[in-house]
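Q: Just data.pdb, nothing more (PDB, C-alpha atoms, pLDDT in the B column):
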```pdb
ATOM      1  CA  MET K   1     -74.674 -23.082  40.254  1.00 63.00           C
ATOM      2  CA  MET K   2     -73.487 -20.837  37.420  1.00 62.00           C
ATOM      3  CA  LYS K   3     -69.891 -22.056  37.895  1.00 62.00           C
ATOM      4  CA  LYS K   4     -71.046 -25.668  37.556  1.00 57.00           C
ATOM      5  CA  ILE K   5     -72.880 -24.889  34.311  1.00 60.00           C
ATOM      6  CA  LEU K   6     -69.843 -23.071  32.946  1.00 49.00           C
ATOM      7  CA  LEU K   7     -67.529 -25.921  33.942  1.00 48.00           C
ATOM      8  CA  PHE K   8     -69.861 -28.483  32.366  1.00 48.00           C
ATOM      9  CA  THR K   9     -70.012 -26.453  29.135  1.00 49.00           C
ATOM     10  CA  ILE K  10     -66.219 -26.202  28.962  1.00 50.00           C
ATOM     11  CA  ILE K  11     -65.783 -29.943  29.554  1.00 48.00           C
ATOM     12  CA  ILE K  12     -68.304 -30.808  26.831  1.00 45.00           C
ATOM     13  CA  ALA K  13     -66.606 -28.417  24.400  1.00 44.00           C
ATOM     14  CA  LEU K  14     -63.190 -29.919  25.087  1.00 40.00           C
ATOM     15  CA  LEU K  15     -64.435 -33.482  24.714  1.00 39.00           C
ATOM     16  CA  GLY K  16     -65.834 -32.639  21.292  1.00 41.00           C
ATOM     17  CA  CYS K  17     -62.512 -31.331  19.998  1.00 42.00           C
ATOM     18  CA  GLU K  18     -60.175 -33.425  17.917  1.00 45.00           C
ATOM     19  CA  SER K  19     -56.443 -33.134  18.023  1.00 44.00           C
ATOM     20  CA  PRO K  20     -55.382 -32.633  14.357  1.00 51.00           C
ATOM     21  CA  PRO K  21     -51.993 -34.381  14.574  1.00 55.00           C
ATOM     22  CA  VAL K  22     -53.516 -37.406  16.336  1.00 57.00           C
ATOM     23  CA  ARG K  23     -56.466 -37.540  13.939  1.00 82.00           C
ATOM     24  CA  ARG K  24     -54.154 -37.258  10.945  1.00 86.00           C
ATOM     25  CA  SER K  25     -51.772 -39.914  12.146  1.00 89.00           C
ATOM     26  CA  GLN K  26     -54.639 -42.281  12.981  1.00 91.00           C
ATOM     27  CA  LEU K  27     -56.211 -41.870   9.539  1.00 92.00           C
ATOM     28  CA  ILE K  28     -52.844 -42.206   7.812  1.00 94.00           C
ATOM     29  CA  GLU K  29     -52.176 -45.433   9.749  1.00 94.00           C
ATOM     30  CA  LYS K  30     -55.556 -46.800   8.629  1.00 94.00           C
ATOM     31  CA  HIS K  31     -54.633 -46.187   4.968  1.00 96.00           C
ATOM     32  CA  PRO K  32     -51.196 -47.599   4.115  1.00 96.00           C
ATOM     33  CA  GLU K  33     -52.237 -47.501   0.432  1.00 97.00           C
ATOM     34  CA  TRP K  34     -51.980 -43.680   0.388  1.00 97.00           C
ATOM     35  CA  SER K  35     -48.903 -42.521  -1.502  1.00 97.00           C
ATOM     36  CA  ALA K  36     -46.071 -40.708   0.265  1.00 97.00           C
ATOM     37  CA  GLY K  37     -46.911 -37.589  -1.751  1.00 97.00           C
ATOM     38  CA  THR K  38     -50.542 -37.643  -0.641  1.00 97.00           C
ATOM     39  CA  VAL K  39     -49.530 -38.145   2.993  1.00 96.00           C
ATOM     40  CA  LYS K  40     -47.136 -35.192   2.728  1.00 96.00           C
ATOM     41  CA  LEU K  41     -49.950 -32.973   1.392  1.00 96.00           C
ATOM     42  CA  ILE K  42     -52.316 -34.145   4.144  1.00 95.00           C
ATOM     43  CA  LYS K  43     -49.754 -33.368   6.848  1.00 94.00           C
ATOM     44  CA  LYS K  44     -49.475 -29.833   5.458  1.00 94.00           C
ATOM     45  CA  GLY K  45     -53.278 -29.460   5.423  1.00 93.00           C
ATOM     46  CA  PHE K  46     -53.550 -29.240   1.626  1.00 94.00           C
ATOM     47  CA  LEU K  47     -56.242 -30.635  -0.664  1.00 96.00           C
ATOM     48  CA  VAL K  48     -55.925 -31.716  -4.292  1.00 96.00           C
ATOM     49  CA  LYS K  49     -58.510 -32.804  -6.825  1.00 97.00           C
ATOM     50  CA  GLY K  50     -59.240 -36.509  -6.619  1.00 97.00           C
ATOM     51  CA  MET K  51     -58.720 -36.845  -2.853  1.00 97.00           C
ATOM     52  CA  THR K  52     -61.106 -39.159  -1.013  1.00 95.00           C
ATOM     53  CA  THR K  53     -63.364 -38.121   1.851  1.00 91.00           C
ATOM     54  CA  ASP K  54     -60.970 -39.807   4.317  1.00 93.00           C
ATOM     55  CA  GLN K  55     -58.058 -37.835   2.888  1.00 96.00           C
ATOM     56  CA  VAL K  56     -60.011 -34.575   3.197  1.00 94.00           C
ATOM     57  CA  ARG K  57     -60.964 -35.469   6.768  1.00 92.00           C
ATOM     58  CA  ALA K  58     -57.294 -36.181   7.555  1.00 94.00           C
ATOM     59  CA  ALA K  59     -56.168 -32.877   6.026  1.00 94.00           C
ATOM     60  CA  TRP K  60     -58.918 -30.543   7.248  1.00 93.00           C
ATOM     61  CA  GLY K  61     -60.775 -32.424   9.996  1.00 90.00           C
ATOM     62  CA  ARG K  62     -64.446 -33.211  10.271  1.00 87.00           C
ATOM     63  CA  PRO K  63     -66.812 -31.036   8.256  1.00 87.00           C
ATOM     64  CA  CYS K  64     -69.647 -29.112   9.848  1.00 84.00           C
ATOM     65  CA  LEU K  65     -72.446 -31.658   9.455  1.00 75.00           C
ATOM     66  CA  THR K  66     -75.137 -29.219  10.614  1.00 77.00           C
ATOM     67  CA  CYS K  67     -74.127 -26.377   8.272  1.00 80.00           C
ATOM     68  CA  THR K  68     -76.208 -25.641   5.198  1.00 75.00           C
ATOM     69  CA  GLY K  69     -73.146 -26.036   2.949  1.00 74.00           C
ATOM     70  CA  THR K  70     -72.793 -29.711   3.908  1.00 76.00           C
ATOM     71  CA  ALA K  71     -75.181 -31.694   1.758  1.00 75.00           C
ATOM     72  CA  MET K  72     -75.880 -35.317   0.951  1.00 70.00           C
ATOM     73  CA  ASP K  73     -77.044 -36.281  -2.507  1.00 69.00           C
ATOM     74  CA  LYS K  74     -80.016 -38.622  -2.107  1.00 70.00           C
ATOM     75  CA  GLU K  75     -79.567 -39.992  -5.624  1.00 69.00           C
ATOM     76  CA  TRP K  76     -75.891 -40.791  -5.023  1.00 61.00           C
ATOM     77  CA  ASP K  77     -76.384 -41.752  -1.366  1.00 61.00           C
ATOM     78  CA  LYS K  78     -73.071 -39.980  -0.697  1.00 66.00           C
ATOM     79  CA  TRP K  79     -71.863 -36.586   0.480  1.00 72.00           C
ATOM     80  CA  ARG K  80     -71.950 -34.016  -2.300  1.00 87.00           C
ATOM     81  CA  THR K  81     -70.435 -31.116  -0.344  1.00 89.00           C
ATOM     82  CA  TRP K  82     -68.705 -30.554   2.990  1.00 89.00           C
ATOM     83  CA  GLU K  83     -68.692 -27.144   4.651  1.00 88.00           C
ATOM     84  CA  TYR K  84     -65.749 -25.851   6.687  1.00 89.00           C
ATOM     85  CA  PRO K  85     -65.374 -22.458   8.407  1.00 87.00           C
ATOM     86  CA  THR K  86     -64.104 -20.699   5.276  1.00 90.00           C
ATOM     87  CA  GLN K  87     -64.478 -23.245   2.447  1.00 91.00           C
ATOM     88  CA  ILE K  88     -66.885 -25.707   0.864  1.00 91.00           C
ATOM     89  CA  VAL K  89     -65.468 -28.915  -0.645  1.00 94.00           C
ATOM     90  CA  PHE K  90     -67.301 -30.528  -3.578  1.00 93.00           C
ATOM     91  CA  PHE K  91     -67.243 -34.271  -4.318  1.00 92.00           C
ATOM     92  CA  ASP K  92     -68.196 -36.323  -7.380  1.00 91.00           C
ATOM     93  CA  LYS K  93     -70.338 -39.483  -7.385  1.00 87.00           C
ATOM     94  CA  ASP K  94     -67.287 -41.580  -6.435  1.00 90.00           C
ATOM     95  CA  GLY K  95     -66.600 -39.461  -3.341  1.00 90.00           C
ATOM     96  CA  LYS K  96     -63.552 -37.735  -4.843  1.00 95.00           C
ATOM     97  CA  VAL K  97     -62.814 -34.014  -4.567  1.00 96.00           C
ATOM     98  CA  THR K  98     -63.702 -32.075  -7.712  1.00 95.00           C
ATOM     99  CA  HIS K  99     -62.999 -28.601  -6.323  1.00 95.00           C
ATOM    100  CA  TRP K 100     -63.400 -26.325  -3.301  1.00 94.00           C
ATOM    101  CA  SER K 101     -64.284 -22.681  -2.957  1.00 92.00           C
ATOM    102  CA  LYS K 102     -64.579 -19.896  -0.424  1.00 92.00           C
ATOM    103  CA  LYS K 103     -67.960 -19.465   1.200  1.00 82.00           C
TER     104      LYS K 103
END
```
Can you turn what I pasted into structure tokens?

A:
Amino acid sequence: MMKKILLFTIIIALLGCESPPVRRSQLIEKHPEWSAGTVKLIKKGFLVKGMTTDQVRAAWGRPCLTCTGTAMDKEWDKWRTWEYPTQIVFFDKDGKVTHWSKK
């Protein structure tokens, strides 16, 4: 029984994982309007001020939506911050990166 539980847990964990190169390439394909320079930065995993939430997601992956550092601004009706394992990314009212900092 314990082996079945362990196997089930491993399968669920693997299904929840994203493959960064696939995720990046899929998001890049969805946004042909992104400049070549922005795409190059995304492929290297870099952020710059002014990036959109989709560009951040392509560069760094999905944020931790259950972490306390990820917050939605009710007044804006948009994400204000996204938390990652070592960083928090801050967005303005237009959903553009203003800065990021270590946790």

Q: Choose the residue, out of K:Thr70, K:Ser101, K:Phe90, K:Arg24, that has the smallest atom-to-atom separation from Gly50 of chain K; count only C-alpha atoms.

A: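 Nearest candidate to Gly50 of chain K out of K:Thr70, K:Ser101, K:Phe90, K:Arg24: K:Phe90.
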
Q: What is the distance between atom CA of Asp92 of chain K and atom CA of Thr52 of chain K, in Å to one decimal?

A: 9.9 Å

Q: For Val56 of chain K, find every residue with an atom within 12 Å (counting all atoms listed in the file), except residues of its own chain fewer than 4 positions away, and show them as a ChimeraX atom specification.

A: /K:23-24,27-28,38-39,41-52,60-63,81-84,88-91,95-100

Q: Residues of the last selection are to be written out with C-alpha atoms, as a CSV table (one decimal), in the coordinates of the input.

A:
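Written file, again-v8.csv:
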```csv
chain,number,residue,atom,x,y,z
K,23,ARG,CA,-56.5,-37.5,13.9
K,24,ARG,CA,-54.2,-37.3,10.9
K,27,LEU,CA,-56.2,-41.9,9.5
K,28,ILE,CA,-52.8,-42.2,7.8
K,38,THR,CA,-50.5,-37.6,-0.6
K,39,VAL,CA,-49.5,-38.1,3.0
K,41,LEU,CA,-50.0,-33.0,1.4
K,42,ILE,CA,-52.3,-34.1,4.1
K,43,LYS,CA,-49.8,-33.4,6.8
K,44,LYS,CA,-49.5,-29.8,5.5
K,45,GLY,CA,-53.3,-29.5,5.4
K,46,PHE,CA,-53.6,-29.2,1.6
K,47,LEU,CA,-56.2,-30.6,-0.7
K,48,VAL,CA,-55.9,-31.7,-4.3
K,49,LYS,CA,-58.5,-32.8,-6.8
K,50,GLY,CA,-59.2,-36.5,-6.6
K,51,MET,CA,-58.7,-36.8,-2.9
K,52,THR,CA,-61.1,-39.2,-1.0
K,60,TRP,CA,-58.9,-30.5,7.2
K,61,GLY,CA,-60.8,-32.4,10.0
K,62,ARG,CA,-64.4,-33.2,10.3
K,63,PRO,CA,-66.8,-31.0,8.3
K,81,THR,CA,-70.4,-31.1,-0.3
K,82,TRP,CA,-68.7,-30.6,3.0
K,83,GLU,CA,-68.7,-27.1,4.7
K,84,TYR,CA,-65.7,-25.9,6.7
K,88,ILE,CA,-66.9,-25.7,0.9
K,89,VAL,CA,-65.5,-28.9,-0.6
K,90,PHE,CA,-67.3,-30.5,-3.6
K,91,PHE,CA,-67.2,-34.3,-4.3
K,95,GLY,CA,-66.6,-39.5,-3.3
K,96,LYS,CA,-63.6,-37.7,-4.8
K,97,VAL,CA,-62.8,-34.0,-4.6
K,98,THR,CA,-63.7,-32.1,-7.7
K,99,HIS,CA,-63.0,-28.6,-6.3
K,100,TRP,CA,-63.4,-26.3,-3.3
```

Q: Atom CA of Pro85 of chain K and atom CA of Thr53 of chain K are how many Å apart?

A: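 Atom-to-atom, atom CA of Pro85 of chain K to atom CA of Thr53 of chain K, that is 17.1 Å.
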
Q: Rounded to one decimal, what separation in Å do you get between atom CA of Glu33 of chain K and atom CA of Asp54 of chain K?

A: 12.3 Å

Q: Nearest residue to Gln26 of chain K out of K:Arg57, K:Cys64, K:Asp94, K:Lys40, using all atoms listed in the file?

A: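 Selected residue with least distance to Gln26 of chain K: K:Arg57.
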
Q: For Cys67 of chain K, which residue among K:Lys103, K:Lys30, K:Gln55, K:Gly37 is the nearest when counting only C-alpha atoms?

A: K:Lys103
